[in-house]
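S.K.: So that you have it, the file is query.pdb, and it contains PDB, C-alpha atoms:
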ATOM      1  CA  MET O   1       0.000   0.000   0.000
ATOM      2  CA  GLU O   2       1.495   3.302  -1.084
ATOM      3  CA  ASN O   3       1.931   6.029   1.560
ATOM      4  CA  SER O   4      -0.015   8.557  -0.541
ATOM      5  CA  LEU O   5      -2.974   6.158  -0.800
ATOM      6  CA  LYS O   6      -2.843   5.429   2.921
ATOM      7  CA  ASP O   7      -2.827   9.175   3.679
ATOM      8  CA  LEU O   8      -5.822   9.798   1.388
ATOM      9  CA  ALA O   9      -7.656   6.802   2.871
ATOM     10  CA  ASP O  10      -7.021   8.060   6.420
ATOM     11  CA  LYS O  11      -8.225  11.564   5.466
ATOM     12  CA  THR O  12     -11.386  10.177   3.846
ATOM     13  CA  LEU O  13     -12.119   7.770   6.702
ATOM     14  CA  LYS O  14     -11.795  10.561   9.261
ATOM     15  CA  TYR O  15     -14.025  12.893   7.219
ATOM     16  CA  LEU O  16     -16.739  10.281   6.939
ATOM     17  CA  CYS O  17     -16.646   8.824  10.438
ATOM     18  CA  VAL O  18     -14.987  10.873  13.197
ATOM     19  CA  GLY O  19     -17.752  12.330  15.342
ATOM     20  CA  SER O  20     -20.386   9.926  14.067
ATOM     21  CA  TYR O  21     -22.228   7.231  15.981
ATOM     22  CA  ILE O  22     -22.990   3.660  15.053
ATOM     23  CA  GLU O  23     -26.715   3.789  14.390
ATOM     24  CA  GLY O  24     -27.397   0.235  13.320
ATOM     25  CA  ILE O  25     -26.511  -2.750  11.231
ATOM     26  CA  ASN O  26     -27.805  -4.281   8.043
ATOM     27  CA  PHE O  27     -28.230  -8.036   8.168
ATOM     28  CA  TYR O  28     -27.176  -8.703   4.580
ATOM     29  CA  GLY O  29     -23.598  -9.617   5.435
ATOM     30  CA  LEU O  30     -22.266  -7.532   8.284
ATOM     31  CA  LYS O  31     -22.855  -3.895   7.395
ATOM     32  CA  ILE O  32     -22.498  -1.244  10.104
ATOM     33  CA  LEU O  33     -24.457   1.980   9.605
ATOM     34  CA  PHE O  34     -22.955   5.278  10.790
ATOM     35  CA  GLY O  35     -24.765   8.551  11.401
ATOM     36  CA  GLU O  36     -23.673  11.888   9.997
ATOM     37  CA  ASN O  37     -21.204  14.092  11.820
ATOM     38  CA  GLU O  38     -20.811  17.848  12.175
ATOM     39  CA  VAL O  39     -18.134  17.993   9.469
ATOM     40  CA  ASN O  40     -19.859  16.051   6.681
ATOM     41  CA  LYS O  41     -23.598  16.596   7.241
ATOM     42  CA  ALA O  42     -23.819  19.573   4.852
ATOM     43  CA  ARG O  43     -22.285  17.528   2.025
ATOM     44  CA  ILE O  44     -23.417  13.949   2.577
ATOM     45  CA  ASP O  45     -27.060  12.992   2.896
ATOM     46  CA  GLY O  46     -26.669   9.293   2.143
ATOM     47  CA  GLN O  47     -25.927   6.387   4.455
ATOM     48  CA  ILE O  48     -22.334   5.934   5.612
ATOM     49  CA  TYR O  49     -21.600   2.249   6.017
ATOM     50  CA  LEU O  50     -18.842  -0.207   6.818
ATOM     51  CA  ASN O  51     -19.176  -3.616   5.224
ATOM     52  CA  ILE O  52     -17.037  -6.218   7.046
ATOM     53  CA  GLU O  53     -16.240  -9.383   5.139
ATOM     54  CA  GLY O  54     -13.117 -10.445   7.027
ATOM     55  CA  LYS O  55     -12.203 -11.210  10.605
ATOM     56  CA  PHE O  56     -12.577  -8.543  13.279
ATOM     57  CA  ALA O  57     -12.524  -8.021  17.014
ATOM     58  CA  VAL O  58     -13.726  -5.435  19.484
ATOM     59  CA  LEU O  59     -10.918  -4.730  21.933
ATOM     60  CA  PRO O  60     -11.410  -3.065  25.332
ATOM     61  CA  SER O  61      -8.704  -0.460  24.566
ATOM     62  CA  LEU O  62      -5.855   0.284  22.163
ATOM     63  CA  PRO O  63      -3.423  -2.608  22.488
ATOM     64  CA  GLU O  64       0.330  -2.441  22.228
ATOM     65  CA  PHE O  65       0.088  -5.035  19.448
ATOM     66  CA  PHE O  66      -2.967  -5.816  17.351
ATOM     67  CA  PRO O  67      -4.163  -9.374  16.773
ATOM     68  CA  THR O  68      -3.020 -11.273  13.707
ATOM     69  CA  VAL O  69      -5.405 -12.915  11.272
ATOM     70  CA  GLU O  70      -4.505 -16.256  12.856
ATOM     71  CA  THR O  71      -5.415 -15.113  16.378
ATOM     72  CA  LEU O  72      -8.701 -13.418  15.491
ATOM     73  CA  PRO O  73     -11.771 -15.510  16.306
ATOM     74  CA  GLU O  74     -13.841 -17.316  13.687
ATOM     75  CA  LEU O  75     -17.340 -15.886  14.147
ATOM     76  CA  ASP O  76     -20.593 -16.866  12.524
ATOM     77  CA  TRP O  77     -23.081 -14.181  11.457
ATOM     78  CA  ILE O  78     -25.034 -14.383  14.738
ATOM     79  CA  GLU O  79     -21.930 -13.941  16.918
ATOM     80  CA  SER O  80     -20.667 -11.142  14.665
ATOM     81  CA  SER O  81     -23.977  -9.283  14.830
ATOM     82  CA  LYS O  82     -24.160  -9.554  18.627
ATOM     83  CA  ILE O  83     -20.661  -8.127  19.013
ATOM     84  CA  ILE O  84     -21.372  -5.204  16.678
ATOM     85  CA  CYS O  85     -24.733  -4.523  18.365
ATOM     86  CA  GLU O  86     -22.794  -3.835  21.573
ATOM     87  CA  LEU O  87     -21.258  -0.824  19.792
ATOM     88  CA  ARG O  88     -24.647   0.753  19.096
ATOM     89  CA  MET O  89     -24.701   4.532  19.617
ATOM     90  CA  LYS O  90     -21.002   4.687  20.472
ATOM     91  CA  LYS O  91     -19.177   7.711  19.102
ATOM     92  CA  VAL O  92     -16.167   7.381  16.788
ATOM     93  CA  VAL O  93     -13.293   9.576  17.982
ATOM     94  CA  ASP O  94     -10.550   8.375  15.641
ATOM     95  CA  LEU O  95      -9.797   5.839  12.937
ATOM     96  CA  TRP O  96      -6.916   4.965  10.651
ATOM     97  CA  LEU O  97      -5.279   2.215   8.656
ATOM     98  CA  SER O  98      -2.268   0.304   9.908
ATOM     99  CA  ILE O  99       0.975   0.945   8.064
ATOM    100  CA  ASP O 100       1.684  -2.023   5.774
ATOM    101  CA  VAL O 101      -1.664  -3.829   5.638
ATOM    102  CA  PRO O 102      -4.986  -1.931   5.393
ATOM    103  CA  ASN O 103      -6.233  -3.111   8.776
ATOM    104  CA  LEU O 104      -8.969  -0.710   9.874
ATOM    105  CA  ILE O 105      -8.746   0.624  13.425
ATOM    106  CA  ILE O 106     -11.760   2.519  14.808
ATOM    107  CA  VAL O 107     -11.531   4.058  18.282
ATOM    108  CA  PHE O 108     -14.689   4.932  20.198
ATOM    109  CA  GLU O 109     -15.251   7.508  22.920
ATOM    110  CA  SER O 110     -15.653   4.580  25.352
ATOM    111  CA  GLY O 111     -12.034   3.594  24.654
ATOM    112  CA  GLU O 112     -13.089   0.430  22.840
ATOM    113  CA  VAL O 113     -11.480  -0.362  19.500
ATOM    114  CA  LEU O 114     -13.021  -2.078  16.495
ATOM    115  CA  TYR O 115     -10.165  -3.803  14.705
ATOM    116  CA  VAL O 116     -10.935  -5.117  11.204
ATOM    117  CA  ASN O 117      -8.261  -7.269   9.629
ATOM    118  CA  GLY O 118      -7.385  -6.082   6.124
ATOM    119  CA  HIS O 119      -5.279  -8.981   4.879
ATOM    120  CA  ASN O 120      -6.755 -11.422   2.416
ATOM    121  CA  ASP O 121      -5.329 -12.730  -0.843
ATOM    122  CA  LYS O 122      -8.697 -13.525  -2.444
ATOM    123  CA  TYR O 123     -11.344 -10.980  -1.468
ATOM    124  CA  GLU O 124     -12.032  -7.514  -0.083
ATOM    125  CA  SER O 125     -11.901  -7.659   3.719
ATOM    126  CA  TRP O 126     -13.915  -4.464   4.203
ATOM    127  CA  GLN O 127     -15.410  -1.471   2.401
ATOM    128  CA  LEU O 128     -16.437   1.882   3.852
ATOM    129  CA  GLY O 129     -18.459   4.342   1.840
ATOM    130  CA  VAL O 130     -21.678   6.211   1.250
ATOM    131  CA  TRP O 131     -24.751   4.935  -0.584
ATOM    132  CA  GLY O 132     -27.905   6.818  -1.414
ATOM    133  CA  ASN O 133     -26.252  10.240  -1.599
ATOM    134  CA  THR O 134     -28.448  12.575  -3.674
ATOM    135  CA  ASN O 135     -25.373  14.096  -5.326
ATOM    136  CA  LYS O 136     -24.671  11.228  -7.740
ATOM    137  CA  ASP O 137     -21.465  12.931  -8.968
ATOM    138  CA  GLU O 138     -19.818  12.412  -5.574
ATOM    139  CA  ILE O 139     -18.600   8.905  -4.882
ATOM    140  CA  TRP O 140     -17.178   8.169  -1.436
ATOM    141  CA  GLU O 141     -15.664   4.701  -1.128
ATOM    142  CA  ILE O 142     -12.617   3.110   0.471
ATOM    143  CA  VAL O 143     -12.057  -0.556  -0.365
ATOM    144  CA  CYS O 144      -9.566  -2.917   1.221
ATOM    145  CA  CYS O 145      -8.383  -4.900  -1.795
ATOM    146  CA  PRO O 146      -6.799  -8.349  -1.999
ATOM    147  CA  GLY O 147      -3.031  -8.331  -1.688
ATOM    148  CA  ASP O 148      -2.892  -5.669   1.060
ATOM    149  CA  ASP O 149      -3.861  -2.796  -1.193
ATOM    150  CA  ILE O 150      -6.454  -0.044  -0.962
ATOM    151  CA  ALA O 151      -8.692   1.715  -3.488
ATOM    152  CA  ILE O 152     -10.258   5.116  -2.826
ATOM    153  CA  TRP O 153     -12.950   7.133  -4.574
ATOM    154  CA  ALA O 154     -13.580  10.663  -3.339
ATOM    155  CA  PRO O 155     -14.594  13.949  -5.002
ATOM    156  CA  ASP O 156     -11.788  15.824  -6.771
ATOM    157  CA  ASP O 157     -12.109  18.912  -4.565
ATOM    158  CA  PHE O 158     -11.666  16.710  -1.463
ATOM    159  CA  VAL O 159      -8.662  14.852  -2.873
ATOM    160  CA  GLY O 160      -6.872  17.964  -4.126
TER     161      GLY O 160
END
Translate the structure described by the file into structure tokens.

M.R.:
Amino acid sequence: MENSLKDLADKTLKYLCVGSYIEGINFYGLKILFGENEVNKARIDGQIYLNIEGKFAVLPSLPEFFPTVETLPELDWIESSKIICELRMKKVVDLWLSIDVPNLIIVFESGEVLYVNGHNDKYESWQLGVWGNTNKDEIWEIVCCPGDDIAIWAPDDFVG
């Protein structure tokens, strides 16, 4: 993952999520729904979401070392949903990608951390974006790609 892509991904993730609350989940896969925040509410009127397709964990606080894909639990959809439901209405205070692999780290006001593993050789481990925005010319999407890479779509005026 290139440093410039990581920086743009971090900037976009923060714009979309810092200050927002987890408002719900969608039961088609594991899709977390975020509310608007003070920074983006004038520009985004669609639904901000995080689709998790890989392994994840909710940690009680920021660890010195994050779990590896091998140490993360294997969860079925019921267990995954229960864990994410515990984060309902918790406020996001920071988020970023790890340095070499696009692991997603979301820190909540409670101190808890949602850690989403980004490594997979065959599929996208997670995607964060906006759907249903009335401004169809603005695409907001960050995708964790196979092979530890990242793809980002954001409006030109935001990128520049």

S.K.: The PyMOL selection byres ((chain O and resi 48-62) around 6) on the file shown: which residues, as a list in words?

M.R.: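 Output of the PyMOL selection byres ((chain O and resi 48-62) around 6): Leu30, Lys31, Ile32, Leu33, Phe34, Gln47, Pro63, Gly111, Glu112, Val113, Leu114, Tyr115, Val116, Asn117, Ser125, Trp126, Gln127, Leu128, Gly129 and Val130 of chain O.
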
S.K.: Which residue, O:Val107, O:Ala42, O:Leu75, O:Ala9, has the smallest gap to Tyr21 in chain O when you use only C-alpha atoms?

M.R.: O:Val107

S.K.: In Å, rounded to a single decimal, give me how far CA of Ile150 in chain O is from CA of Thr68 in chain O.

M.R.: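 So the answer is 18.8 Å.
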
S.K.: Could you work out an axis-aligned box for range 29-40 of chain O, taking every atom the file lists and adding 8 Å on each side, and report centre and edge lengths in Å to one decimal, as JSON?

M.R.:
{"center_x": -21.4, "center_y": 4.2, "center_z": 8.8, "size_x": 22.6, "size_y": 43.6, "size_z": 22.7}

S.K.: Which residue gives the smallest distance to Glu23 in chain O among O:Ile139, O:Ala154, O:Met89, O:Leu97, with only C-alpha atoms counted?

M.R.: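 Of the candidates, the smallest distance to Glu23 in chain O is held by O:Met89.
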